[in-house]
file query-v9.pdb (PDB, C-alpha atoms and all ligand atoms)
ATOM      1  CA  MET F 152    -101.412 -13.424  34.584
ATOM      2  CA  SER F 153    -102.854 -16.947  34.989
ATOM      3  CA  THR F 154    -103.798 -19.019  31.967
ATOM      4  CA  SER F 155    -107.509 -18.685  32.816
ATOM      5  CA  GLN F 156    -107.187 -14.924  32.294
ATOM      6  CA  ARG F 157    -105.647 -15.402  28.849
ATOM      7  CA  LEU F 158    -107.830 -15.808  25.754
ATOM      8  CA  VAL F 159    -106.042 -17.590  22.911
ATOM      9  CA  LEU F 160    -107.515 -17.358  19.434
ATOM     10  CA  VAL F 161    -106.519 -20.411  17.397
ATOM     11  CA  LEU F 162    -106.992 -19.523  13.731
ATOM     12  CA  GLY F 163    -107.597 -22.825  11.948
ATOM     13  CA  GLY F 164    -108.444 -24.343  15.329
ATOM     14  CA  ALA F 165    -110.976 -26.728  13.814
ATOM     15  CA  GLY F 166    -108.296 -28.229  11.530
ATOM     16  CA  THR F 167    -105.876 -31.130  12.011
ATOM     17  CA  VAL F 168    -103.015 -29.163  13.564
ATOM     18  CA  GLY F 169    -105.233 -26.534  15.194
ATOM     19  CA  SER F 170    -107.484 -28.999  17.023
ATOM     20  CA  GLY F 171    -104.477 -30.552  18.799
ATOM     21  CA  ILE F 172    -103.387 -27.069  19.874
ATOM     22  CA  VAL F 173    -106.906 -26.193  21.097
ATOM     23  CA  LYS F 174    -107.077 -29.363  23.201
ATOM     24  CA  SER F 175    -103.730 -28.748  24.906
ATOM     25  CA  LEU F 176    -104.440 -25.078  25.575
ATOM     26  CA  LEU F 177    -107.763 -25.994  27.230
ATOM     27  CA  GLU F 178    -105.994 -28.604  29.372
ATOM     28  CA  LYS F 179    -103.585 -25.897  30.538
ATOM     29  CA  GLY F 180    -106.532 -23.765  31.669
ATOM     30  CA  PHE F 181    -106.605 -21.174  28.869
ATOM     31  CA  GLN F 182    -109.769 -19.672  27.467
ATOM     32  CA  VAL F 183    -109.716 -20.606  23.765
ATOM     33  CA  ALA F 184    -111.545 -19.119  20.785
ATOM     34  CA  VAL F 185    -111.910 -20.711  17.346
ATOM     35  CA  ILE F 186    -113.369 -19.159  14.202
ATOM     36  CA  SER F 187    -114.359 -21.439  11.326
ATOM     37  CA  ARG F 188    -116.346 -20.958   8.140
ATOM     38  CA  ASP F 189    -118.136 -24.208   8.779
ATOM     39  CA  ASN F 190    -120.378 -24.745  11.810
ATOM     40  CA  SER F 191    -120.238 -28.541  11.486
ATOM     41  CA  ARG F 192    -116.434 -28.424  11.917
ATOM     42  CA  LEU F 193    -116.926 -26.361  15.069
ATOM     43  CA  GLU F 194    -119.415 -28.923  16.413
ATOM     44  CA  LYS F 195    -116.910 -31.672  15.696
ATOM     45  CA  LEU F 196    -114.268 -29.701  17.587
ATOM     46  CA  VAL F 197    -116.555 -29.248  20.611
ATOM     47  CA  ASN F 198    -117.150 -33.009  20.681
ATOM     48  CA  PHE F 199    -113.415 -33.650  20.395
ATOM     49  CA  VAL F 200    -112.587 -31.792  23.624
ATOM     50  CA  ALA F 201    -113.403 -33.266  27.046
ATOM     51  CA  VAL F 202    -116.705 -32.138  28.576
ATOM     52  CA  GLN F 203    -115.069 -30.320  31.497
ATOM     53  CA  TYR F 204    -113.238 -27.941  29.120
ATOM     54  CA  ARG F 205    -116.153 -27.029  26.861
ATOM     55  CA  GLU F 206    -117.076 -23.969  28.924
ATOM     56  CA  SER F 207    -113.677 -22.482  28.130
ATOM     57  CA  LEU F 208    -114.002 -23.095  24.381
ATOM     58  CA  HIS F 209    -115.636 -20.215  22.463
ATOM     59  CA  THR F 210    -116.544 -21.019  18.869
ATOM     60  CA  MET F 211    -117.750 -18.616  16.221
ATOM     61  CA  VAL F 212    -118.653 -18.953  12.540
ATOM     62  CA  GLY F 213    -116.681 -16.479  10.452
ATOM     63  CA  ASP F 214    -114.356 -16.088   7.487
ATOM     64  CA  VAL F 215    -111.025 -14.411   8.168
ATOM     65  CA  GLY F 216    -109.983 -14.676   4.523
ATOM     66  CA  SER F 217    -110.882 -11.074   3.628
ATOM     67  CA  GLU F 218    -110.010  -7.816   5.361
ATOM     68  CA  GLN F 219    -113.665  -7.147   6.073
ATOM     69  CA  GLY F 220    -114.401 -10.692   7.288
ATOM     70  CA  ALA F 221    -111.384 -10.677   9.582
ATOM     71  CA  GLN F 222    -112.259  -7.254  11.040
ATOM     72  CA  GLU F 223    -115.863  -8.349  11.628
ATOM     73  CA  ALA F 224    -114.661 -11.529  13.330
ATOM     74  CA  ALA F 225    -112.265  -9.521  15.523
ATOM     75  CA  SER F 226    -115.010  -7.094  16.643
ATOM     76  CA  ALA F 227    -117.513  -9.902  17.270
ATOM     77  CA  LEU F 228    -114.997 -11.922  19.276
ATOM     78  CA  VAL F 229    -113.978  -9.002  21.482
ATOM     79  CA  SER F 230    -117.593  -8.037  22.200
ATOM     80  CA  ARG F 231    -118.868 -11.613  22.744
ATOM     81  CA  VAL F 232    -115.927 -13.207  24.551
ATOM     82  CA  GLY F 233    -113.440 -10.523  25.553
ATOM     83  CA  LYS F 234    -109.934  -9.292  24.928
ATOM     84  CA  VAL F 235    -107.757 -11.623  22.888
ATOM     85  CA  THR F 236    -104.338 -11.955  24.553
ATOM     86  CA  ASP F 237    -102.734 -14.550  22.265
ATOM     87  CA  VAL F 238    -103.083 -15.786  18.691
ATOM     88  CA  VAL F 239    -101.927 -19.036  17.098
ATOM     89  CA  SER F 240    -102.234 -18.876  13.317
ATOM     90  CA  SER F 241    -102.665 -22.357  11.813
ATOM     91  CA  LEU F 242    -104.663 -21.584   8.685
ATOM     92  CA  GLY F 243    -104.417 -23.579   5.531
ATOM     93  CA  PHE F 244    -105.142 -27.033   4.341
ATOM     94  CA  SER F 245    -103.456 -30.292   5.158
ATOM     95  CA  TRP F 246    -102.690 -31.419   1.659
ATOM     96  CA  TRP F 247    -102.833 -30.392  -1.993
ATOM     97  CA  GLN F 248    -101.669 -32.608  -4.839
ATOM     98  CA  GLY F 249    -103.470 -31.334  -7.888
ATOM     99  CA  GLY F 250    -100.610 -32.051 -10.316
ATOM    100  CA  PRO F 251     -97.669 -30.278 -11.943
ATOM    101  CA  PRO F 252     -98.017 -26.539 -12.715
ATOM    102  CA  HIS F 253     -98.664 -26.908 -16.482
ATOM    103  CA  THR F 254    -101.865 -28.846 -15.679
ATOM    104  CA  GLN F 255    -103.158 -26.126 -13.351
ATOM    105  CA  SER F 256    -105.128 -22.912 -13.784
ATOM    106  CA  LEU F 257    -104.492 -19.434 -12.488
ATOM    107  CA  GLN F 258    -107.776 -19.746 -10.606
ATOM    108  CA  GLU F 259    -106.468 -22.766  -8.688
ATOM    109  CA  LEU F 260    -103.241 -20.955  -7.792
ATOM    110  CA  GLN F 261    -105.331 -18.008  -6.594
ATOM    111  CA  ARG F 262    -107.394 -20.363  -4.409
ATOM    112  CA  VAL F 263    -104.320 -21.952  -2.849
ATOM    113  CA  LEU F 264    -102.707 -18.570  -2.183
ATOM    114  CA  ASP F 265    -106.012 -17.277  -0.746
ATOM    115  CA  ILE F 266    -106.090 -20.062   1.815
ATOM    116  CA  LEU F 267    -102.423 -20.372   2.752
ATOM    117  CA  LEU F 268    -101.063 -16.854   2.361
ATOM    118  CA  LEU F 269    -103.767 -14.219   1.989
ATOM    119  CA  SER F 270    -105.905 -15.390   4.930
ATOM    120  CA  THR F 271    -102.747 -15.490   7.082
ATOM    121  CA  PHE F 272    -102.248 -11.828   6.151
ATOM    122  CA  THR F 273    -105.863 -10.641   6.544
ATOM    123  CA  SER F 274    -106.288 -12.325   9.930
ATOM    124  CA  TRP F 275    -102.908 -11.033  11.140
ATOM    125  CA  LYS F 276    -103.899  -7.512  10.040
ATOM    126  CA  ALA F 277    -107.082  -7.708  12.137
ATOM    127  CA  PHE F 278    -105.691  -9.439  15.250
ATOM    128  CA  PHE F 279    -102.055  -8.349  15.582
ATOM    129  CA  PRO F 280    -103.055  -4.805  16.701
ATOM    130  CA  LEU F 281    -104.909  -6.380  19.673
ATOM    131  CA  ILE F 282    -101.775  -8.226  20.810
ATOM    132  CA  LYS F 283     -98.646  -6.389  19.722
ATOM    133  CA  ASP F 284     -98.238  -3.922  22.603
ATOM    134  CA  ASN F 285     -98.954  -6.475  25.306
ATOM    135  CA  PRO F 286     -95.716  -7.830  26.872
ATOM    136  CA  ASN F 287     -97.753 -10.796  28.148
ATOM    137  CA  GLY F 288     -99.232 -11.510  24.705
ATOM    138  CA  THR F 289     -98.060 -13.944  22.021
ATOM    139  CA  TYR F 290     -98.564 -14.315  18.256
ATOM    140  CA  THR F 291     -97.427 -17.679  16.856
ATOM    141  CA  PHE F 292     -97.408 -18.758  13.211
ATOM    142  CA  ILE F 293     -97.549 -22.478  12.398
ATOM    143  CA  THR F 294     -95.693 -23.345   9.204
ATOM    144  CA  GLY F 295     -94.289 -26.488   7.600
ATOM    145  CA  GLY F 296     -91.530 -27.913   5.472
ATOM    146  CA  ALA F 297     -93.728 -27.849   2.350
ATOM    147  CA  GLY F 298     -92.738 -24.195   1.964
ATOM    148  CA  GLU F 299     -89.115 -25.106   1.269
ATOM    149  CA  ARG F 300     -89.344 -28.016  -1.112
ATOM    150  CA  LEU F 301     -91.643 -30.141  -3.214
ATOM    151  CA  LEU F 302     -92.887 -32.865  -0.863
ATOM    152  CA  MET F 303     -93.663 -35.152  -3.806
ATOM    153  CA  PRO F 304     -94.610 -34.854  -7.483
ATOM    154  CA  GLY F 305     -97.774 -32.850  -8.087
ATOM    155  CA  THR F 306     -97.636 -30.790  -4.886
ATOM    156  CA  GLY F 307     -96.157 -27.635  -6.402
ATOM    157  CA  PHE F 308     -98.975 -25.255  -5.530
ATOM    158  CA  LEU F 309     -98.786 -26.441  -1.896
ATOM    159  CA  THR F 310     -95.129 -25.396  -1.944
ATOM    160  CA  LEU F 311     -96.028 -21.999  -3.415
ATOM    161  CA  GLY F 312     -98.709 -21.308  -0.792
ATOM    162  CA  ALA F 313     -96.678 -22.654   2.132
ATOM    163  CA  ALA F 314     -93.619 -20.666   0.979
ATOM    164  CA  GLY F 315     -95.774 -17.536   1.042
ATOM    165  CA  ALA F 316     -96.857 -18.221   4.623
ATOM    166  CA  LEU F 317     -93.243 -18.911   5.670
ATOM    167  CA  ALA F 318     -92.063 -15.673   4.102
ATOM    168  CA  PHE F 319     -94.925 -13.706   5.648
ATOM    169  CA  SER F 320     -93.965 -14.907   9.123
ATOM    170  CA  GLN F 321     -90.357 -13.819   8.453
ATOM    171  CA  VAL F 322     -91.473 -10.426   7.171
ATOM    172  CA  VAL F 323     -93.501  -9.817  10.332
ATOM    173  CA  ARG F 324     -90.515 -10.722  12.575
ATOM    174  CA  GLU F 325     -88.195  -8.426  10.653
ATOM    175  CA  GLU F 326     -90.613  -5.499  10.203
ATOM    176  CA  TYR F 327     -91.581  -5.465  13.902
ATOM    177  CA  PRO F 328     -88.338  -6.263  15.765
ATOM    178  CA  ASP F 329     -89.268  -4.333  18.904
ATOM    179  CA  VAL F 330     -92.902  -5.285  19.592
ATOM    180  CA  PRO F 331     -93.396  -6.173  23.290
ATOM    181  CA  CYS F 332     -95.490  -9.265  22.502
ATOM    182  CA  LYS F 333     -93.774 -12.605  21.849
ATOM    183  CA  LEU F 334     -93.712 -13.238  18.128
ATOM    184  CA  ASN F 335     -92.718 -16.751  17.032
ATOM    185  CA  GLU F 336     -93.024 -19.398  14.343
ATOM    186  CA  VAL F 337     -93.271 -23.124  14.922
ATOM    187  CA  LYS F 338     -92.113 -24.859  11.759
ATOM    188  CA  VAL F 339     -93.187 -28.481  11.773
ATOM    189  CA  ASN F 340     -90.945 -30.407   9.380
ATOM    190  CA  MET F 341     -93.061 -33.552   9.649
ATOM    191  CA  GLY F 342     -96.526 -34.642   8.628
ATOM    192  CA  VAL F 343     -99.154 -34.062  11.302
ATOM    193  CA  ALA F 344    -102.203 -36.293  11.798
ATOM    194  CA  PRO F 345    -104.536 -37.545  14.523
ATOM    195  CA  PRO F 346    -103.150 -40.601  16.415
ATOM    196  CA  GLU F 347    -105.443 -43.020  14.552
ATOM    197  CA  ARG F 348    -104.101 -41.872  11.156
ATOM    198  CA  LEU F 349    -100.342 -41.758  11.803
ATOM    199  CA  GLY F 350     -98.050 -43.044   9.059
ATOM    200  CA  PRO F 351     -94.259 -43.014   8.558
ATOM    201  CA  GLY F 352     -92.874 -39.480   8.902
ATOM    202  CA  TYR F 353     -95.971 -38.283  10.757
ATOM    203  CA  VAL F 354     -96.400 -37.017  14.326
ATOM    204  CA  SER F 355     -99.546 -36.781  16.369
ATOM    205  CA  HIS F 356    -101.430 -33.494  16.399
ATOM    206  CA  LEU F 357    -101.687 -33.997  20.179
ATOM    207  CA  GLU F 358     -97.892 -33.818  20.564
ATOM    208  CA  VAL F 359     -97.674 -30.798  18.269
ATOM    209  CA  GLY F 360    -100.514 -29.248  20.261
ATOM    210  CA  GLU F 361     -98.704 -29.772  23.567
ATOM    211  CA  ALA F 362     -95.527 -28.227  22.146
ATOM    212  CA  VAL F 363     -97.297 -25.119  20.852
ATOM    213  CA  ALA F 364     -99.342 -24.743  24.051
ATOM    214  CA  SER F 365     -96.140 -24.869  26.110
ATOM    215  CA  LEU F 366     -94.535 -22.165  23.941
ATOM    216  CA  VAL F 367     -97.603 -19.952  24.410
ATOM    217  CA  GLU F 368     -97.786 -20.620  28.142
ATOM    218  CA  LYS F 369     -94.100 -20.131  28.969
ATOM    219  CA  ARG F 370     -93.384 -17.125  26.685
ATOM    220  CA  ARG F 371     -89.617 -17.769  26.940
ATOM    221  CA  VAL F 372     -88.589 -16.672  23.438
ATOM    222  CA  SER F 373     -89.550 -14.108  20.841
ATOM    223  CA  HIS F 374     -88.780 -13.465  17.166
ATOM    224  CA  THR F 375     -87.675 -17.091  16.923
ATOM    225  CA  VAL F 376     -88.315 -19.912  14.472
ATOM    226  CA  LEU F 377     -88.713 -23.163  16.385
ATOM    227  CA  CYS F 378     -88.050 -25.990  13.922
ATOM    228  CA  ALA F 379     -89.553 -29.280  15.021
ATOM    229  CA  ASN F 380     -87.739 -32.004  13.063
ATOM    230  CA  SER F 381     -88.496 -34.945  15.360
ATOM    231  CA  THR F 382     -90.594 -36.069  18.300
ATOM    232  CA  THR F 383     -87.522 -35.341  20.473
ATOM    233  CA  ASP F 384     -87.770 -31.673  19.425
ATOM    234  CA  LEU F 385     -91.463 -31.672  20.325
ATOM    235  CA  LYS F 386     -90.676 -33.188  23.738
ATOM    236  CA  THR F 387     -88.042 -30.496  24.382
ATOM    237  CA  LEU F 388     -90.508 -27.805  23.395
ATOM    238  CA  ILE F 389     -93.135 -29.316  25.697
ATOM    239  CA  LEU F 390     -90.710 -29.319  28.656
ATOM    240  CA  GLU F 391     -88.795 -26.108  28.028
ATOM    241  CA  GLY F 392     -91.094 -23.911  25.967
ATOM    242  CA  LYS F 393     -88.146 -23.386  23.587
ATOM    243  CA  LEU F 394     -85.609 -25.355  21.527
TER     244      LEU F 394
HETATM  245  N1  LIG J   1    -101.093 -31.316   8.262
HETATM  246  C1  LIG J   1     -99.787 -31.415   8.194
HETATM  247  O1  LIG J   1     -99.237 -32.493   7.929
HETATM  248  C2  LIG J   1     -98.928 -30.210   8.488
HETATM  249  C3  LIG J   1     -97.555 -30.384   8.704
HETATM  250  C4  LIG J   1     -96.765 -29.282   8.969
HETATM  251  C5  LIG J   1     -97.325 -28.030   8.983
HETATM  252  N2  LIG J   1     -98.665 -27.872   8.747
HETATM  253  C6  LIG J   1     -99.211 -26.509   8.734
HETATM  254  O2  LIG J   1    -100.308 -26.398   9.610
HETATM  255  C7  LIG J   1    -101.255 -25.471   9.079
HETATM  256  C8  LIG J   1    -102.650 -26.059   9.193
HETATM  257  O3  LIG J   1    -102.689 -27.283   8.498
HETATM  258  P1  LIG J   1    -103.797 -28.386   8.823
HETATM  259  O4  LIG J   1    -103.233 -29.660   8.392
HETATM  260  O5  LIG J   1    -104.280 -28.247  10.201
HETATM  261  O6  LIG J   1    -104.947 -27.948   7.808
HETATM  262  P2  LIG J   1    -106.545 -28.155   7.958
HETATM  263  O7  LIG J   1    -106.843 -29.404   8.691
HETATM  264  O8  LIG J   1    -107.134 -28.009   6.612
HETATM  265  O9  LIG J   1    -106.972 -26.930   8.854
HETATM  266  C9  LIG J   1    -106.833 -25.611   8.392
HETATM  267  C10 LIG J   1    -107.917 -24.769   8.973
HETATM  268  O10 LIG J   1    -107.795 -23.444   8.423
HETATM  269  C11 LIG J   1    -109.076 -22.887   8.430
HETATM  270  N3  LIG J   1    -109.248 -21.786   7.481
HETATM  271  C12 LIG J   1    -108.696 -21.676   6.254
HETATM  272  N4  LIG J   1    -109.106 -20.530   5.675
HETATM  273  C13 LIG J   1    -109.938 -19.914   6.582
HETATM  274  C14 LIG J   1    -110.677 -18.705   6.569
HETATM  275  N5  LIG J   1    -110.667 -17.901   5.501
HETATM  276  N6  LIG J   1    -111.416 -18.373   7.658
HETATM  277  C15 LIG J   1    -111.461 -19.201   8.739
HETATM  278  N7  LIG J   1    -110.770 -20.364   8.799
HETATM  279  C16 LIG J   1    -110.031 -20.721   7.728
HETATM  280  C17 LIG J   1    -109.995 -24.031   8.053
HETATM  281  O11 LIG J   1    -111.209 -23.762   8.709
HETATM  282  P3  LIG J   1    -112.639 -24.075   8.090
HETATM  283  O12 LIG J   1    -112.458 -24.829   6.812
HETATM  284  O13 LIG J   1    -113.209 -24.879   9.193
HETATM  285  O14 LIG J   1    -113.239 -22.732   7.913
HETATM  286  C18 LIG J   1    -109.324 -25.263   8.652
HETATM  287  O15 LIG J   1    -109.942 -25.677   9.849
HETATM  288  C19 LIG J   1    -100.840 -25.194   7.631
HETATM  289  O16 LIG J   1    -100.319 -23.893   7.532
HETATM  290  C20 LIG J   1     -99.763 -26.188   7.348
HETATM  291  O17 LIG J   1     -98.717 -25.635   6.567
HETATM  292  C21 LIG J   1     -99.483 -28.938   8.503
END
call {"tool": "encode", "arguments": {"input": "query-v9.pdb", "output": "structure tokens"}}
result
Amino acid sequence: MSTSQRLVLVLGGAGTVGSGIVKSLLEKGFQVAVISRDNSRLEKLVNFVAVQYRESLHTMVGDVGSEQGAQEAASALVSRVGKVTDVVSSLGFSWWQGGPPHTQSLQELQRVLDILLLSTFTSWKAFFPLIKDNPNGTYTFITGGAGERLLMPGTGFLTLGAAGALAFSQVVREEYPDVPCKLNEVKVNMGVAPPERLGPGYVSHLEVGEAVASLVEKRRVSHTVLCANSTTDLKTLILEGKL
């Protein structure tokens, strides 16, 4: 199956990490779909990709953060664009530093968990059934080091949400050990930013995008956590499609 026959849904594709993945997938010839709650973010994404790839980019306004919203988005995508063959799940937000837990409300914790964990679940519940029995299909979770430790003071709720997403990815691997589709997690243990905003400890979203696109294209591994700790790891992933 050539890449042009594969439709990759990038959940969070209008975000920092997701937009790098979208760009690389388009450059490899994939059809790519992105759902966002915000049309202006989708317009920005369309402008970010080169003109010659825009025909292969299918954008749709939708909210995958509830079971109903995710199911509606799945039905609309299949009827408007076609069969989804691959999913990359990169939902969340780049940063949260609201302060230590005693200064926070239950409502704020609920909001963080909604975005990082619950939307990862609701979208997976709607889209995994479309992919799981396809030996040529892939489902890839993007996670980060924030789920394992406090990145700095005041980022506790980010750790709670990111830890939930990490654990969910593990649960899916262990509950579905025999699914024919390739089921993987790319854990980026570095900050990710566009090239113009790189700081110490950060990597470009373009490099992360190339690494994830190569994993999706090559389909060499399944039920694997690919930990990217350095740009060398990203380069290996780009070349080999595995670590
Ligand atoms: N940024 C980093 O430094 C970094 C490092 C390592 C790992 N990661 C991981 O990468 C993932 C994405 O991070 P990011 O930095 O790319 O965040 P981001 O720029 O905020 O992008 C996240 C995207 O998720 C989408 N989203 C969230 N809830 C949604 C919903 N209910 N329906 C539809 N779309 C929804 C948002 O779309 P709309 O708002 O457009 O609807 C947004 O475009 C996170 O899981 C994070 O742990 C990030």
call {"tool": "residues_near_ligand", "arguments": {"input": "query-v9.pdb", "ligand": "ligand LIG 1 (chain J)", "cutoff": "7 Å", "atoms": "only C-alpha atoms and all ligand atoms", "output": "PyMOL selection string"}}
result
chain F and resi 162-169+186-189+192+213-216+241-246+266-267+270+293-297+313+338-344
call {"tool": "write_last_selection", "arguments": {"input": "query-v9.pdb", "atoms": "C-alpha atoms", "output": "PDB file, in the frame of the given file"}}
result
ATOM      1  CA  LEU F 162    -106.992 -19.523  13.731  1.00  0.00           C
ATOM      2  CA  GLY F 163    -107.597 -22.825  11.948  1.00  0.00           C
ATOM      3  CA  GLY F 164    -108.444 -24.343  15.329  1.00  0.00           C
ATOM      4  CA  ALA F 165    -110.976 -26.728  13.814  1.00  0.00           C
ATOM      5  CA  GLY F 166    -108.296 -28.229  11.530  1.00  0.00           C
ATOM      6  CA  THR F 167    -105.876 -31.130  12.011  1.00  0.00           C
ATOM      7  CA  VAL F 168    -103.015 -29.163  13.564  1.00  0.00           C
ATOM      8  CA  GLY F 169    -105.233 -26.534  15.194  1.00  0.00           C
ATOM      9  CA  ILE F 186    -113.369 -19.159  14.202  1.00  0.00           C
ATOM     10  CA  SER F 187    -114.359 -21.439  11.326  1.00  0.00           C
ATOM     11  CA  ARG F 188    -116.346 -20.958   8.140  1.00  0.00           C
ATOM     12  CA  ASP F 189    -118.136 -24.208   8.779  1.00  0.00           C
ATOM     13  CA  ARG F 192    -116.434 -28.424  11.917  1.00  0.00           C
ATOM     14  CA  GLY F 213    -116.681 -16.479  10.452  1.00  0.00           C
ATOM     15  CA  ASP F 214    -114.356 -16.088   7.487  1.00  0.00           C
ATOM     16  CA  VAL F 215    -111.025 -14.411   8.168  1.00  0.00           C
ATOM     17  CA  GLY F 216    -109.983 -14.676   4.523  1.00  0.00           C
ATOM     18  CA  SER F 241    -102.665 -22.357  11.813  1.00  0.00           C
ATOM     19  CA  LEU F 242    -104.663 -21.584   8.685  1.00  0.00           C
ATOM     20  CA  GLY F 243    -104.417 -23.579   5.531  1.00  0.00           C
ATOM     21  CA  PHE F 244    -105.142 -27.033   4.341  1.00  0.00           C
ATOM     22  CA  SER F 245    -103.456 -30.292   5.158  1.00  0.00           C
ATOM     23  CA  TRP F 246    -102.690 -31.419   1.659  1.00  0.00           C
ATOM     24  CA  ILE F 266    -106.090 -20.062   1.815  1.00  0.00           C
ATOM     25  CA  LEU F 267    -102.423 -20.372   2.752  1.00  0.00           C
ATOM     26  CA  SER F 270    -105.905 -15.390   4.930  1.00  0.00           C
ATOM     27  CA  ILE F 293     -97.549 -22.478  12.398  1.00  0.00           C
ATOM     28  CA  THR F 294     -95.693 -23.345   9.204  1.00  0.00           C
ATOM     29  CA  GLY F 295     -94.289 -26.488   7.600  1.00  0.00           C
ATOM     30  CA  GLY F 296     -91.530 -27.913   5.472  1.00  0.00           C
ATOM     31  CA  ALA F 297     -93.728 -27.849   2.350  1.00  0.00           C
ATOM     32  CA  ALA F 313     -96.678 -22.654   2.132  1.00  0.00           C
ATOM     33  CA  LYS F 338     -92.113 -24.859  11.759  1.00  0.00           C
ATOM     34  CA  VAL F 339     -93.187 -28.481  11.773  1.00  0.00           C
ATOM     35  CA  ASN F 340     -90.945 -30.407   9.380  1.00  0.00           C
ATOM     36  CA  MET F 341     -93.061 -33.552   9.649  1.00  0.00           C
ATOM     37  CA  GLY F 342     -96.526 -34.642   8.628  1.00  0.00           C
ATOM     38  CA  VAL F 343     -99.154 -34.062  11.302  1.00  0.00           C
ATOM     39  CA  ALA F 344    -102.203 -36.293  11.798  1.00  0.00           C
TER      40      ALA F 344
END
call {"tool": "atom_distance", "arguments": {"input": "query-v9.pdb", "atom1": "CA of Val376 in chain F", "atom2": "CA of Met152 in chain F"}}
result
24.9 Å
call {"tool": "atom_distance", "arguments": {"input": "query-v9.pdb", "atom1": "CA of Ala318 in chain F", "atom2": "CA of Phe279 in chain F"}}
result
16.9 Å
call {"tool": "resolve_selection", "arguments": {"input": "query-v9.pdb", "expression": "the PyMOL selection byres (((chain F and resi 218) around 9) and not hetatm)", "output": "PyMOL selection string"}}
result
chain F and resi 215-217+219-223+270+272-274+276-277
call {"tool": "residues_around", "arguments": {"input": "query-v9.pdb", "residues": "Glu259 in chain F", "least_positions_apart": "6", "cutoff": "10 Å", "atoms": "all atoms listed in the file", "output": "JSON, numbers by chain"}}
result
{"F": [249, 265, 308]}
call {"tool": "atom_distance", "arguments": {"input": "query-v9.pdb", "atom1": "CA of Asn285 in chain F", "atom2": "CA of Glu358 in chain F"}}
result
27.8 Å
call {"tool": "resolve_selection", "arguments": {"input": "query-v9.pdb", "expression": "the PyMOL selection byres (((chain F and resi 206) around 10) and not hetatm)", "output": "PyMOL selection string"}}
result
chain F and resi 177+182-183+197+202-205+207-209
call {"tool": "closest_residue", "arguments": {"input": "query-v9.pdb", "among": "F:Glu299, F:Asp237, F:Asp384, F:Glu336", "to": "Val367 in chain F", "atoms": "only C-alpha atoms"}}
result
F:Asp237
call {"tool": "resolve_selection", "arguments": {"input": "query-v9.pdb", "expression": "the PyMOL selection byres (((chain F and resi 291) around 6) and not hetatm)", "output": "list of chain:residue names"}}
result
F:Val239, F:Tyr290, F:Phe292, F:Leu334, F:Asn335, F:Glu336
call {"tool": "closest_residue", "arguments": {"input": "query-v9.pdb", "among": "F:Val354, F:Ala227, F:Ala314, F:Ile282", "to": "Val263 in chain F", "atoms": "only C-alpha atoms"}}
result
F:Ala314
call {"tool": "closest_residue", "arguments": {"input": "query-v9.pdb", "among": "F:Leu317, F:Leu158, F:Cys378, F:Leu176", "to": "Thr271 in chain F", "atoms": "all atoms listed in the file"}}
result
F:Leu317
call {"tool": "closest_residue", "arguments": {"input": "query-v9.pdb", "among": "F:Ala201, F:Arg324, F:Ala364, F:Phe278", "to": "Lys179 in chain F", "atoms": "all atoms listed in the file"}}
result
F:Ala364
call {"tool": "axis_aligned_box", "arguments": {"input": "query-v9.pdb", "around": "range 169-185 of chain F", "padding_each_side": "3 Å", "output": "lines of an AutoDock Vina configuration file"}}
result
center_x = -107.6
center_y = -24.8
center_z = 23.4
size_x = 14.5
size_y = 17.4
size_z = 22.5
call {"tool": "closest_residue", "arguments": {"input": "query-v9.pdb", "among": "F:Leu388, F:Val229, F:Val322, F:Val235", "to": "Val161 in chain F", "atoms": "all atoms listed in the file"}}
result
F:Val235
call {"tool": "residues_near_point", "arguments": {"input": "query-v9.pdb", "point": "(-105.0, -39.1, 15.3)", "cutoff": "8 Å", "atoms": "all atoms listed in the file", "output": "number ranges by chain"}}
result
F: 344-349, 355-357
call {"tool": "closest_residue", "arguments": {"input": "query-v9.pdb", "among": "F:Ser226, F:Val232, F:Leu309, F:Val185", "to": "Thr210 in chain F", "atoms": "all atoms listed in the file"}}
result
F:Val185
